[in-house]
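Everything below belongs to final.pdb, which stores PDB, C-alpha atoms and all ligand atoms.
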```pdb
ATOM      1  CA  MET A 158      -9.511   2.946   7.745
ATOM      2  CA  LYS A 159     -11.308   3.210  11.049
ATOM      3  CA  TYR A 160     -11.529   6.058  13.482
ATOM      4  CA  ILE A 161     -10.066   5.776  16.954
ATOM      5  CA  ASP A 162      -9.864   8.501  19.532
ATOM      6  CA  TYR A 163      -6.101   8.760  19.161
ATOM      7  CA  LYS A 164      -5.602  11.527  21.721
ATOM      8  CA  ASP A 165      -7.434   9.592  24.416
ATOM      9  CA  LEU A 166      -5.618   6.375  23.535
ATOM     10  CA  ARG A 167      -2.196   8.027  23.667
ATOM     11  CA  GLN A 168      -3.014   9.589  27.019
ATOM     12  CA  LYS A 169      -4.107   6.250  28.483
ATOM     13  CA  LEU A 170      -0.973   4.503  27.237
ATOM     14  CA  GLN A 171       1.257   7.200  28.647
ATOM     15  CA  ASN A 172      -0.479   6.953  32.012
ATOM     16  CA  HIS A 173      -0.174   3.149  31.948
ATOM     17  CA  GLU A 174      -3.920   2.868  32.256
ATOM     18  CA  ILE A 175      -4.080   0.334  29.440
ATOM     19  CA  THR A 176      -1.674  -2.176  27.936
ATOM     20  CA  TRP A 177      -0.561  -2.181  24.319
ATOM     21  CA  LEU A 178      -2.794  -5.204  23.738
ATOM     22  CA  GLU A 179      -5.875  -3.410  25.018
ATOM     23  CA  ALA A 180      -5.015  -0.485  22.773
ATOM     24  CA  TYR A 181      -4.605  -2.920  19.874
ATOM     25  CA  ASP A 182      -8.088  -4.333  20.518
ATOM     26  CA  LYS A 183      -9.581  -0.861  20.624
ATOM     27  CA  ILE A 184      -8.011  -0.016  17.260
ATOM     28  CA  ILE A 185      -9.086  -3.273  15.669
ATOM     29  CA  ASN A 186     -12.637  -3.081  16.963
ATOM     30  CA  SER A 187     -13.449   0.537  16.194
ATOM     31  CA  THR A 188     -15.957   0.883  13.375
ATOM     32  CA  THR A 189     -16.397   4.617  12.702
ATOM     33  CA  LYS A 190     -14.825   6.048   9.558
ATOM     34  CA  PRO A 191     -12.638   9.143  10.084
ATOM     35  CA  TRP A 192     -14.691  11.179   7.598
ATOM     36  CA  ASP A 193     -17.857  10.502   9.605
ATOM     37  CA  THR A 194     -16.435  12.157  12.687
ATOM     38  CA  LYS A 195     -17.101  15.664  13.945
ATOM     39  CA  GLU A 196     -13.373  16.423  13.896
ATOM     40  CA  TRP A 197     -13.141  15.603  10.188
ATOM     41  CA  LYS A 198     -16.264  17.518   9.245
ATOM     42  CA  GLU A 199     -15.054  20.596  11.078
ATOM     43  CA  LYS A 200     -11.641  20.554   9.423
ATOM     44  CA  ARG A 201     -12.827  19.756   5.913
ATOM     45  CA  PRO A 202     -13.787  23.304   4.782
ATOM     46  CA  ASN A 203     -10.257  24.524   5.579
ATOM     47  CA  PHE A 204      -8.650  21.983   3.275
ATOM     48  CA  ILE A 205     -10.986  21.511   0.350
ATOM     49  CA  GLY A 206     -10.238  23.631  -2.709
ATOM     50  CA  THR A 207     -12.583  25.009  -5.323
ATOM     51  CA  GLU A 208     -11.639  22.725  -8.205
ATOM     52  CA  CYS A 209     -10.323  19.221  -8.908
ATOM     53  CA  VAL A 210      -6.512  19.284  -9.131
ATOM     54  CA  MET A 211      -6.620  16.503 -11.702
ATOM     55  CA  CYS A 212      -9.253  17.587 -14.234
ATOM     56  CA  GLY A 213     -10.019  21.163 -13.126
ATOM     57  CA  ARG A 214     -13.757  20.543 -12.762
ATOM     58  CA  LYS A 215     -15.724  22.430 -10.130
ATOM     59  CA  ASN A 216     -18.674  21.334  -8.041
ATOM     60  CA  GLY A 217     -21.629  20.789 -10.371
ATOM     61  CA  ASP A 218     -19.612  20.663 -13.629
ATOM     62  CA  PRO A 219     -20.508  17.836 -16.008
ATOM     63  CA  CYS A 220     -18.535  14.643 -15.326
ATOM     64  CA  THR A 221     -15.864  13.444 -17.759
ATOM     65  CA  LYS A 222     -16.750  12.274 -21.217
ATOM     66  CA  GLY A 223     -15.202   8.840 -20.618
ATOM     67  CA  TYR A 224     -17.296   8.233 -17.533
ATOM     68  CA  TYR A 225     -20.440   9.562 -19.208
ATOM     69  CA  GLU A 226     -19.928   7.238 -22.178
ATOM     70  CA  TYR A 227     -19.451   4.350 -19.812
ATOM     71  CA  LEU A 228     -22.743   5.117 -18.025
ATOM     72  CA  LEU A 229     -24.492   5.553 -21.350
ATOM     73  CA  GLN A 230     -23.330   2.180 -22.596
ATOM     74  CA  HIS A 231     -24.556   0.442 -19.480
ATOM     75  CA  SER A 232     -27.837   2.242 -18.927
ATOM     76  CA  GLY A 233     -29.666   1.006 -22.036
ATOM     77  CA  GLU A 234     -31.509   4.309 -22.418
ATOM     78  CA  PRO A 235     -30.502   7.948 -22.790
ATOM     79  CA  ILE A 236     -29.333   9.555 -19.563
ATOM     80  CA  GLU A 237     -28.308  13.005 -18.556
ATOM     81  CA  ARG A 238     -24.575  13.581 -18.117
ATOM     82  CA  PRO A 239     -24.069  13.547 -14.337
ATOM     83  CA  THR A 240     -22.249  16.292 -12.480
ATOM     84  CA  VAL A 241     -19.212  16.027 -10.229
ATOM     85  CA  HIS A 242     -18.787  16.988  -6.609
ATOM     86  CA  LEU A 243     -15.493  17.735  -4.926
ATOM     87  CA  VAL A 244     -13.943  15.454  -2.307
ATOM     88  CA  LEU A 245     -10.766  15.427  -0.239
ATOM     89  CA  GLN A 246      -8.457  12.729  -1.529
ATOM     90  CA  HIS A 247      -5.561  11.416   0.567
ATOM     91  CA  SER A 248      -2.223  10.939  -1.165
ATOM     92  CA  TRP A 249      -0.879   9.053   1.830
ATOM     93  CA  HIS A 250      -2.359   6.366   4.083
ATOM     94  CA  PRO A 251      -1.089   5.081   7.400
ATOM     95  CA  ASP A 252       0.016   1.483   7.814
ATOM     96  CA  THR A 253      -2.613  -0.688   9.426
ATOM     97  CA  ILE A 254      -1.903  -1.852  12.946
ATOM     98  CA  ASP A 255      -1.797  -5.442  11.677
ATOM     99  CA  HIS A 256       0.801  -4.479   9.127
ATOM    100  CA  LEU A 257       2.969  -2.970  11.856
ATOM    101  CA  CYS A 258       2.623  -6.104  14.008
ATOM    102  CA  LYS A 259       3.463  -8.276  11.042
ATOM    103  CA  ASN A 260       6.646  -6.262  10.541
ATOM    104  CA  ILE A 261       7.683  -6.960  14.122
ATOM    105  CA  THR A 262       7.123 -10.700  13.813
ATOM    106  CA  TYR A 263       8.971 -10.622  10.527
ATOM    107  CA  ARG A 264      11.996  -9.184  12.297
ATOM    108  CA  TYR A 265      12.010 -12.308  14.467
ATOM    109  CA  LYS A 266      11.041 -14.610  11.658
ATOM    110  CA  ASP A 267      12.827 -17.788  12.782
ATOM    111  CA  GLU A 268      11.688 -17.382  16.343
ATOM    112  CA  TYR A 269       8.143 -16.671  15.238
ATOM    113  CA  ASP A 270       8.105 -19.623  12.839
ATOM    114  CA  SER A 271       8.983 -22.069  15.577
ATOM    115  CA  TYR A 272       6.471 -20.388  17.916
ATOM    116  CA  PHE A 273       3.835 -20.746  15.222
ATOM    117  CA  ARG A 274       4.637 -24.391  14.596
ATOM    118  CA  GLN A 275       4.647 -25.240  18.282
ATOM    119  CA  THR A 276       1.341 -23.540  18.946
ATOM    120  CA  VAL A 277      -0.471 -24.737  15.877
ATOM    121  CA  TYR A 278       0.826 -28.297  15.737
ATOM    122  CA  THR A 279       0.897 -29.154  19.401
ATOM    123  CA  LYS A 280      -2.119 -27.294  20.752
ATOM    124  CA  GLY A 281      -3.804 -25.997  17.621
ATOM    125  CA  PRO A 282      -5.737 -22.730  18.012
ATOM    126  CA  ASN A 283      -9.328 -23.722  18.762
ATOM    127  CA  ASN A 284      -8.286 -27.320  18.195
ATOM    128  CA  ILE A 285      -8.022 -26.801  14.447
ATOM    129  CA  LEU A 286      -5.739 -29.177  12.664
ATOM    130  CA  ILE A 287      -3.503 -27.231  10.343
ATOM    131  CA  ARG A 288      -3.904 -29.577   7.368
ATOM    132  CA  ASN A 289      -7.656 -29.038   7.341
ATOM    133  CA  ILE A 290      -7.759 -25.271   7.219
ATOM    134  CA  ASP A 291      -7.953 -23.018   4.206
ATOM    135  CA  ALA A 292      -5.706 -20.100   3.320
ATOM    136  CA  ASP A 293      -8.036 -17.446   4.727
ATOM    137  CA  GLU A 294      -8.284 -19.164   8.039
ATOM    138  CA  LEU A 295      -4.543 -19.639   8.138
ATOM    139  CA  LYS A 296      -4.084 -15.912   7.601
ATOM    140  CA  HIS A 297      -6.425 -15.266  10.490
ATOM    141  CA  ILE A 298      -4.478 -17.656  12.725
ATOM    142  CA  HIS A 299      -1.201 -15.978  11.750
ATOM    143  CA  LYS A 300      -2.659 -12.603  12.624
ATOM    144  CA  LYS A 301      -3.860 -13.787  16.012
ATOM    145  CA  LEU A 302      -0.650 -15.618  16.804
ATOM    146  CA  SER A 303       1.669 -12.827  15.742
ATOM    147  CA  VAL A 304      -0.070 -10.487  18.188
ATOM    148  CA  LYS A 305       0.151 -13.137  20.918
ATOM    149  CA  PHE A 306       3.816 -13.706  20.067
ATOM    150  CA  ILE A 307       4.620 -10.010  20.395
ATOM    151  CA  ASP A 308       2.742  -9.771  23.662
ATOM    152  CA  GLU A 309       4.539 -12.736  25.169
ATOM    153  CA  LYS A 310       8.040 -12.044  23.897
ATOM    154  CA  TYR A 311       8.347  -8.392  22.900
ATOM    155  CA  PRO A 312       5.580  -6.339  24.540
ATOM    156  CA  GLU A 313       7.748  -3.205  24.401
ATOM    157  CA  LEU A 314       7.793  -3.518  20.620
ATOM    158  CA  GLY A 315       4.022  -3.895  20.622
ATOM    159  CA  LEU A 316       3.832  -0.605  22.445
ATOM    160  CA  GLU A 317       6.183   0.939  19.906
ATOM    161  CA  ALA A 318       3.907  -0.270  17.109
ATOM    162  CA  ILE A 319       0.874   1.334  18.748
ATOM    163  CA  TYR A 320       2.651   4.677  19.124
ATOM    164  CA  LYS A 321       3.800   4.481  15.535
ATOM    165  CA  TYR A 322       0.241   3.762  14.460
ATOM    166  CA  LEU A 323      -1.051   6.706  16.505
ATOM    167  CA  ASP A 324       1.586   9.011  14.970
ATOM    168  CA  GLN A 325       0.620   7.943  11.481
ATOM    169  CA  PHE A 326      -3.078   8.188  12.240
ATOM    170  CA  GLU A 327      -2.584  11.675  13.626
ATOM    171  CA  ARG A 328      -0.817  12.700  10.430
ATOM    172  CA  TYR A 329      -3.738  11.263   8.458
ATOM    173  CA  MET A 330      -6.236  13.221  10.540
ATOM    174  CA  SER A 331      -4.182  16.408  10.153
ATOM    175  CA  MET A 332      -5.249  16.281   6.478
ATOM    176  CA  LYS A 333      -1.951  17.727   5.336
ATOM    177  CA  ASP A 334      -1.647  14.935   2.750
ATOM    178  CA  THR A 335      -4.959  15.671   1.077
ATOM    179  CA  SER A 336      -5.768  17.284  -2.244
ATOM    180  CA  THR A 337      -9.052  18.302  -3.767
ATOM    181  CA  TYR A 338     -10.332  15.866  -6.361
ATOM    182  CA  CYS A 339     -13.695  15.502  -7.998
ATOM    183  CA  ASN A 340     -15.484  12.272  -7.087
ATOM    184  CA  ASN A 341     -14.820  10.959 -10.610
ATOM    185  CA  CYS A 342     -11.048  11.367 -10.500
ATOM    186  CA  ALA A 343     -10.856  10.173  -6.881
ATOM    187  CA  GLU A 344     -12.767   7.013  -7.741
ATOM    188  CA  ARG A 345     -10.568   6.276 -10.751
ATOM    189  CA  GLU A 346      -7.427   6.726  -8.751
ATOM    190  CA  ASP A 347      -8.666   4.545  -5.885
ATOM    191  CA  MET A 348     -10.167   1.771  -7.950
ATOM    192  CA  VAL A 349      -7.964   1.390 -10.974
ATOM    193  CA  ASP A 350      -5.064   3.772 -10.466
ATOM    194  CA  ARG A 351      -5.953   5.826 -13.517
ATOM    195  CA  SER A 352      -5.447   9.510 -14.069
ATOM    196  CA  ILE A 353      -6.934  11.936 -16.518
ATOM    197  CA  CYS A 354      -5.444  12.683 -19.930
ATOM    198  CA  PRO A 355      -3.357  15.858 -19.463
ATOM    199  CA  LEU A 356      -4.453  17.206 -22.859
ATOM    200  CA  CYS A 357      -8.247  16.887 -23.124
ATOM    201  CA  LYS A 358      -8.822  16.388 -19.384
ATOM    202  CA  ASP A 359     -11.827  14.310 -20.339
ATOM    203  CA  ILE A 360     -10.691  10.689 -20.712
ATOM    204  CA  TYR A 361      -8.912   8.536 -18.137
ATOM    205  CA  ILE A 362      -5.666   6.841 -19.060
ATOM    206  CA  SER A 363      -3.441   4.198 -17.494
ATOM    207  CA  ASN A 364      -0.225   5.280 -15.831
ATOM    208  CA  SER A 365       1.828   3.875 -18.678
ATOM    209  CA  SER A 366       0.218   6.157 -21.287
ATOM    210  CA  ALA A 367       1.178   9.745 -21.926
ATOM    211  CA  CYS A 368      -2.276  10.777 -23.140
ATOM    212  CA  CYS A 369      -5.554   9.256 -24.329
ATOM    213  CA  TYR A 370      -6.044   7.582 -27.733
ATOM    214  CA  GLU A 371      -8.010  10.549 -29.074
ATOM    215  CA  CYS A 372      -5.260  13.048 -28.243
ATOM    216  CA  LYS A 373      -2.450  10.828 -29.471
ATOM    217  CA  ASP A 374      -2.748  12.091 -33.041
ATOM    218  CA  THR A 375      -2.357  15.746 -32.135
ATOM    219  CA  GLU A 376       1.060  17.391 -32.303
ATOM    220  CA  GLU A 377       1.233  17.765 -28.508
ATOM    221  CA  GLY A 378       0.093  14.137 -28.093
ATOM    222  CA  GLN A 379       2.888  12.917 -30.359
ATOM    223  CA  ARG A 380       5.419  14.909 -28.406
ATOM    224  CA  LEU A 381       4.210  13.579 -25.011
ATOM    225  CA  SER A 382       4.137   9.995 -26.288
ATOM    226  CA  ALA A 383       7.695  10.250 -27.615
ATOM    227  CA  GLU A 384       8.874  11.610 -24.262
ATOM    228  CA  GLN A 385       7.112   8.805 -22.416
ATOM    229  CA  GLU A 386       8.653   6.195 -24.700
ATOM    230  CA  LYS A 387      12.098   7.631 -24.035
ATOM    231  CA  ARG A 388      11.490   7.457 -20.280
ATOM    232  CA  ASP A 389      10.267   3.843 -20.565
ATOM    233  CA  ASP A 390      13.387   2.913 -22.535
ATOM    234  CA  GLU A 391      15.628   4.395 -19.891
ATOM    235  CA  ILE A 392      13.831   2.540 -17.105
ATOM    236  CA  SER A 393      14.037  -0.750 -18.929
ATOM    237  CA  LYS A 394      17.758  -0.211 -19.601
ATOM    238  CA  LYS A 395      18.293   0.383 -15.872
ATOM    239  CA  TYR A 396      16.312  -2.755 -15.084
ATOM    240  CA  TRP A 397      18.373  -5.000 -17.356
ATOM    241  CA  ALA A 398      21.626  -3.490 -16.156
ATOM    242  CA  PHE A 399      20.573  -4.191 -12.566
ATOM    243  CA  LEU A 400      19.717  -7.820 -13.382
ATOM    244  CA  GLU A 401      22.975  -8.330 -15.216
ATOM    245  CA  VAL A 402      25.063  -7.263 -12.233
ATOM    246  CA  ILE A 403      23.190  -9.683  -9.992
ATOM    247  CA  GLU A 404      23.426 -12.568 -12.419
ATOM    248  CA  ILE A 405      27.173 -12.119 -12.838
ATOM    249  CA  GLU A 406      27.624 -12.352  -9.094
ATOM    250  CA  GLU A 407      25.334 -15.385  -8.940
ATOM    251  CA  ASP A 408      27.380 -17.169 -11.605
ATOM    252  CA  GLN A 409      30.602 -16.451  -9.752
ATOM    253  CA  LEU A 410      29.137 -17.763  -6.490
ATOM    254  CA  HIS A 411      27.770 -20.927  -8.110
ATOM    255  CA  ASN A 412      31.151 -21.644  -9.665
ATOM    256  CA  LYS A 413      32.903 -21.107  -6.382
ATOM    257  CA  TYR A 414      30.402 -23.278  -4.490
ATOM    258  CA  PHE A 415      30.728 -26.265  -6.791
ATOM    259  CA  ASN A 416      34.332 -26.029  -7.967
ATOM    260  CA  GLU A 417      36.389 -24.891  -5.022
ATOM    261  CA  PRO A 418      37.265 -26.654  -1.789
ATOM    262  CA  LEU A 419      35.294 -24.728   0.834
ATOM    263  CA  THR A 420      34.610 -25.038   4.535
ATOM    264  CA  ASN A 421      31.025 -25.455   5.674
ATOM    265  CA  GLU A 422      31.100 -21.955   6.998
ATOM    266  CA  GLU A 423      32.138 -20.564   3.620
ATOM    267  CA  LYS A 424      29.411 -22.574   1.938
ATOM    268  CA  GLU A 425      26.825 -21.175   4.319
ATOM    269  CA  LEU A 426      27.965 -17.630   3.551
ATOM    270  CA  ILE A 427      27.599 -18.256  -0.169
ATOM    271  CA  LYS A 428      24.102 -19.680   0.305
ATOM    272  CA  LYS A 429      23.111 -16.672   2.343
ATOM    273  CA  ARG A 430      24.390 -14.247  -0.272
ATOM    274  CA  LEU A 431      22.586 -16.191  -3.015
ATOM    275  CA  GLU A 432      19.384 -15.882  -1.034
ATOM    276  CA  GLU A 433      19.966 -12.146  -0.705
ATOM    277  CA  LEU A 434      20.523 -11.838  -4.444
ATOM    278  CA  GLU A 435      17.358 -13.812  -5.174
ATOM    279  CA  ASN A 436      15.485 -11.476  -2.894
ATOM    280  CA  MET A 437      16.911  -8.439  -4.665
ATOM    281  CA  LYS A 438      15.787  -9.854  -7.990
ATOM    282  CA  ASN A 439      12.272 -10.428  -6.688
ATOM    283  CA  ASN A 440      12.087  -6.872  -5.379
ATOM    284  CA  SER A 441      14.085  -5.284  -8.169
ATOM    285  CA  TRP A 442      11.832  -2.204  -8.383
ATOM    286  CA  ASP A 443      12.888  -1.198  -4.888
ATOM    287  CA  TYR A 444      16.440  -0.858  -6.129
ATOM    288  CA  ILE A 445      15.907   0.928  -9.399
ATOM    289  CA  GLU A 446      15.422   4.666  -9.530
ATOM    290  CA  TYR A 447      12.675   5.672 -11.911
TER     291      TYR A 447
HETATM  292 ZN    ZN B   1     -11.504  15.520 -11.541
HETATM  293 ZN    ZN B   2      -7.128  13.176 -24.250
END
```
As structure tokens, how would this structure be written, given the file I've shared?
Ligand SMILES: [Zn+2]
Ligand SMILES: [Zn+2]
Amino acid sequence: MKYIDYKDLRQKLQNHEITWLEAYDKIINSTTKPWDTKEWKEKRPNFIGTECVMCGRKNGDPCTKGYYEYLLQHSGEPIERPTVHLVLQHSWHPDTIDHLCKNITYRYKDEYDSYFRQTVYTKGPNNILIRNIDADELKHIHKKLSVKFIDEKYPELGLEAIYKYLDQFERYMSMKDTSTYCNNCAEREDMVDRSICPLCKDIYISNSSACCYECKDTEEGQRLSAEQEKRDDEISKKYWAFLEVIEIEEDQLHNKYFNEPLTNEEKELIKKRLEELENMKNNSWDYIEY
């Protein structure tokens, strides 16, 4: 996440002083972090609370037992249990500008694919032969070409993407999606998506556990674990039911495709639907409520 002067950029776009591509470059090339800016530092005191919403620790309280044990194990000699300090943690992050551009090119996938092939195979960006480049470089070429593609074919969509980015960035800077965490809990959530045990508030657990191993034997721990298990069962039932519906339709379509006299057009429709179904299977979690 980099800081851009979003008000200035919006103004310049509205006044047609810069193109969407120039705005894109500004966004890509900015290096300051939002939390290093004056704007952020001035707003921060209005949003930060007095204790971590996850573990309840306050500035200067000893850090969690789990983290302390981890440090102890790795230090080789006795250390003092460190203390926490409070930070503002975002629950929501804007899309990156590259992500937004990628979405546009994805909308015109076939067109973009042929554009990509033409450019890379016939001219080759920087005279690179496509068979000799590695995956990272290919990603970089895709990124560069998708921006070029948008600029040549759909500049108005490029502009739309920039405005969308600015809107999202503005929401990020408004800080309305922040909560107060201690640095311990924030780090766990960012790095390994772990939260604190709701019972002892001292040990971090994965999102699939109801509480930590030490609390599991308590009465409350047993109750939470049973509830969690019930929830997991329900989700897995929904998942299998979803798959079954898709597979039944797939079977019917396969049978139709191979056993019935069909026109080419009908065959194409079946292939398209099968592709859709395959896609739904691959993204099944988008379709299941849990
Ligand atoms: Zn905490
Ligand atoms: Zn616990």
Requested in this report: Using all atoms listed in the file, pick whichever of A:Lys222, A:Arg238, A:Lys438, A:His247 has the shortest atom-to-atom distance to ligand ZN 2 (chain B).
Outcome: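 Comparing A:Lys222, A:Arg238, A:Lys438, A:His247 against ligand ZN 2 (chain B), the winner is A:Lys222.
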**Report entry** Near-stretch 329-331 of chain A list (8 Å; all atoms listed in the file; drop same-chain fewer than 3 positions) as an MDAnalysis selection string
**Finding:** chainID A and resid 191 197 249:251 325:326 334
Closest pair table for chain A residues within 10 Å of ligand ZN 2 (chain B), all atoms listed in the file, as JSON lines:
```
{"residue": "A:Gly223", "atom": "CA", "partner": "B:ZN2", "partner_atom": "ZN", "distance": 9.9}
{"residue": "A:Ile353", "atom": "CA", "partner": "B:ZN2", "partner_atom": "ZN", "distance": 7.8}
{"residue": "A:Cys354", "atom": "CA", "partner": "B:ZN2", "partner_atom": "ZN", "distance": 4.7}
{"residue": "A:Pro355", "atom": "CA", "partner": "B:ZN2", "partner_atom": "ZN", "distance": 6.7}
{"residue": "A:Leu356", "atom": "CA", "partner": "B:ZN2", "partner_atom": "ZN", "distance": 5.0}
{"residue": "A:Cys357", "atom": "CA", "partner": "B:ZN2", "partner_atom": "ZN", "distance": 4.0}
{"residue": "A:Lys358", "atom": "CA", "partner": "B:ZN2", "partner_atom": "ZN", "distance": 6.1}
{"residue": "A:Asp359", "atom": "CA", "partner": "B:ZN2", "partner_atom": "ZN", "distance": 6.2}
{"residue": "A:Ile360", "atom": "CA", "partner": "B:ZN2", "partner_atom": "ZN", "distance": 5.6}
{"residue": "A:Tyr361", "atom": "CA", "partner": "B:ZN2", "partner_atom": "ZN", "distance": 7.9}
{"residue": "A:Ile362", "atom": "CA", "partner": "B:ZN2", "partner_atom": "ZN", "distance": 8.3}
{"residue": "A:Ala367", "atom": "CA", "partner": "B:ZN2", "partner_atom": "ZN", "distance": 9.3}
{"residue": "A:Cys368", "atom": "CA", "partner": "B:ZN2", "partner_atom": "ZN", "distance": 5.5}
{"residue": "A:Cys369", "atom": "CA", "partner": "B:ZN2", "partner_atom": "ZN", "distance": 4.2}
{"residue": "A:Tyr370", "atom": "CA", "partner": "B:ZN2", "partner_atom": "ZN", "distance": 6.7}
{"residue": "A:Glu371", "atom": "CA", "partner": "B:ZN2", "partner_atom": "ZN", "distance": 5.6}
{"residue": "A:Cys372", "atom": "CA", "partner": "B:ZN2", "partner_atom": "ZN", "distance": 4.4}
{"residue": "A:Lys373", "atom": "CA", "partner": "B:ZN2", "partner_atom": "ZN", "distance": 7.4}
{"residue": "A:Asp374", "atom": "CA", "partner": "B:ZN2", "partner_atom": "ZN", "distance": 9.9}
{"residue": "A:Thr375", "atom": "CA", "partner": "B:ZN2", "partner_atom": "ZN", "distance": 9.6}
{"residue": "A:Gly378", "atom": "CA", "partner": "B:ZN2", "partner_atom": "ZN", "distance": 8.2}
```
Query raised in the report: ligand ZN 1 (chain B): which residues are within 12 Å, counting only C-alpha atoms and all ligand atoms, as a PyMOL selection string?
Result: chain A and resi 207-224+240-246+336-346+351-355+358-361
Report summary line: Atom pair atom CA of A:Lys428 + atom CA of A:Glu407, distance 10.3 Å
Requested in this report: Expand the PyMOL selection byres (((chain A and resi 204) around 8) and not hetatm) into the individual residues it matches in the shown file, reporting them as a ChimeraX atom specification.
Outcome: /A:200-203,205-206,245,332,335-337
Would you pull stretch 406-417 of chain A out of the block just shown and save N, CA and C atoms as a short mmCIF file (atom, residue, chain, number, x, y, z; two decimals), in the first residue's frame?
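Printed below is result01.cif as written:
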```
data_model
loop_
_atom_site.label_atom_id
_atom_site.label_comp_id
_atom_site.auth_asym_id
_atom_site.auth_seq_id
_atom_site.Cartn_x
_atom_site.Cartn_y
_atom_site.Cartn_z
N GLU A 406 -26.06 -32.28 -13.34
CA GLU A 406 -26.24 -31.54 -14.59
C GLU A 406 -25.14 -31.90 -15.59
N GLU A 407 -23.93 -32.06 -15.10
CA GLU A 407 -22.82 -32.44 -15.99
C GLU A 407 -23.08 -33.78 -16.66
N ASP A 408 -23.55 -34.75 -15.86
CA ASP A 408 -23.85 -36.08 -16.42
C ASP A 408 -24.90 -35.98 -17.52
N GLN A 409 -25.95 -35.20 -17.23
CA GLN A 409 -27.03 -35.06 -18.22
C GLN A 409 -26.48 -34.45 -19.51
N LEU A 410 -25.63 -33.43 -19.37
CA LEU A 410 -25.09 -32.76 -20.55
C LEU A 410 -24.16 -33.69 -21.35
N HIS A 411 -23.34 -34.44 -20.64
CA HIS A 411 -22.45 -35.39 -21.32
C HIS A 411 -23.25 -36.40 -22.14
N ASN A 412 -24.30 -36.94 -21.47
CA ASN A 412 -25.14 -37.92 -22.16
C ASN A 412 -25.77 -37.34 -23.42
N LYS A 413 -26.26 -36.13 -23.28
CA LYS A 413 -26.91 -35.47 -24.39
C LYS A 413 -25.89 -35.26 -25.53
N TYR A 414 -24.72 -34.78 -25.16
CA TYR A 414 -23.68 -34.45 -26.14
C TYR A 414 -23.29 -35.67 -26.96
N PHE A 415 -23.14 -36.81 -26.30
CA PHE A 415 -22.63 -37.98 -27.00
C PHE A 415 -23.71 -38.89 -27.59
N ASN A 416 -24.93 -38.79 -27.05
CA ASN A 416 -25.95 -39.75 -27.47
C ASN A 416 -27.06 -39.19 -28.35
N GLU A 417 -27.14 -37.88 -28.43
CA GLU A 417 -28.27 -37.33 -29.19
C GLU A 417 -27.78 -36.62 -30.45
#
```
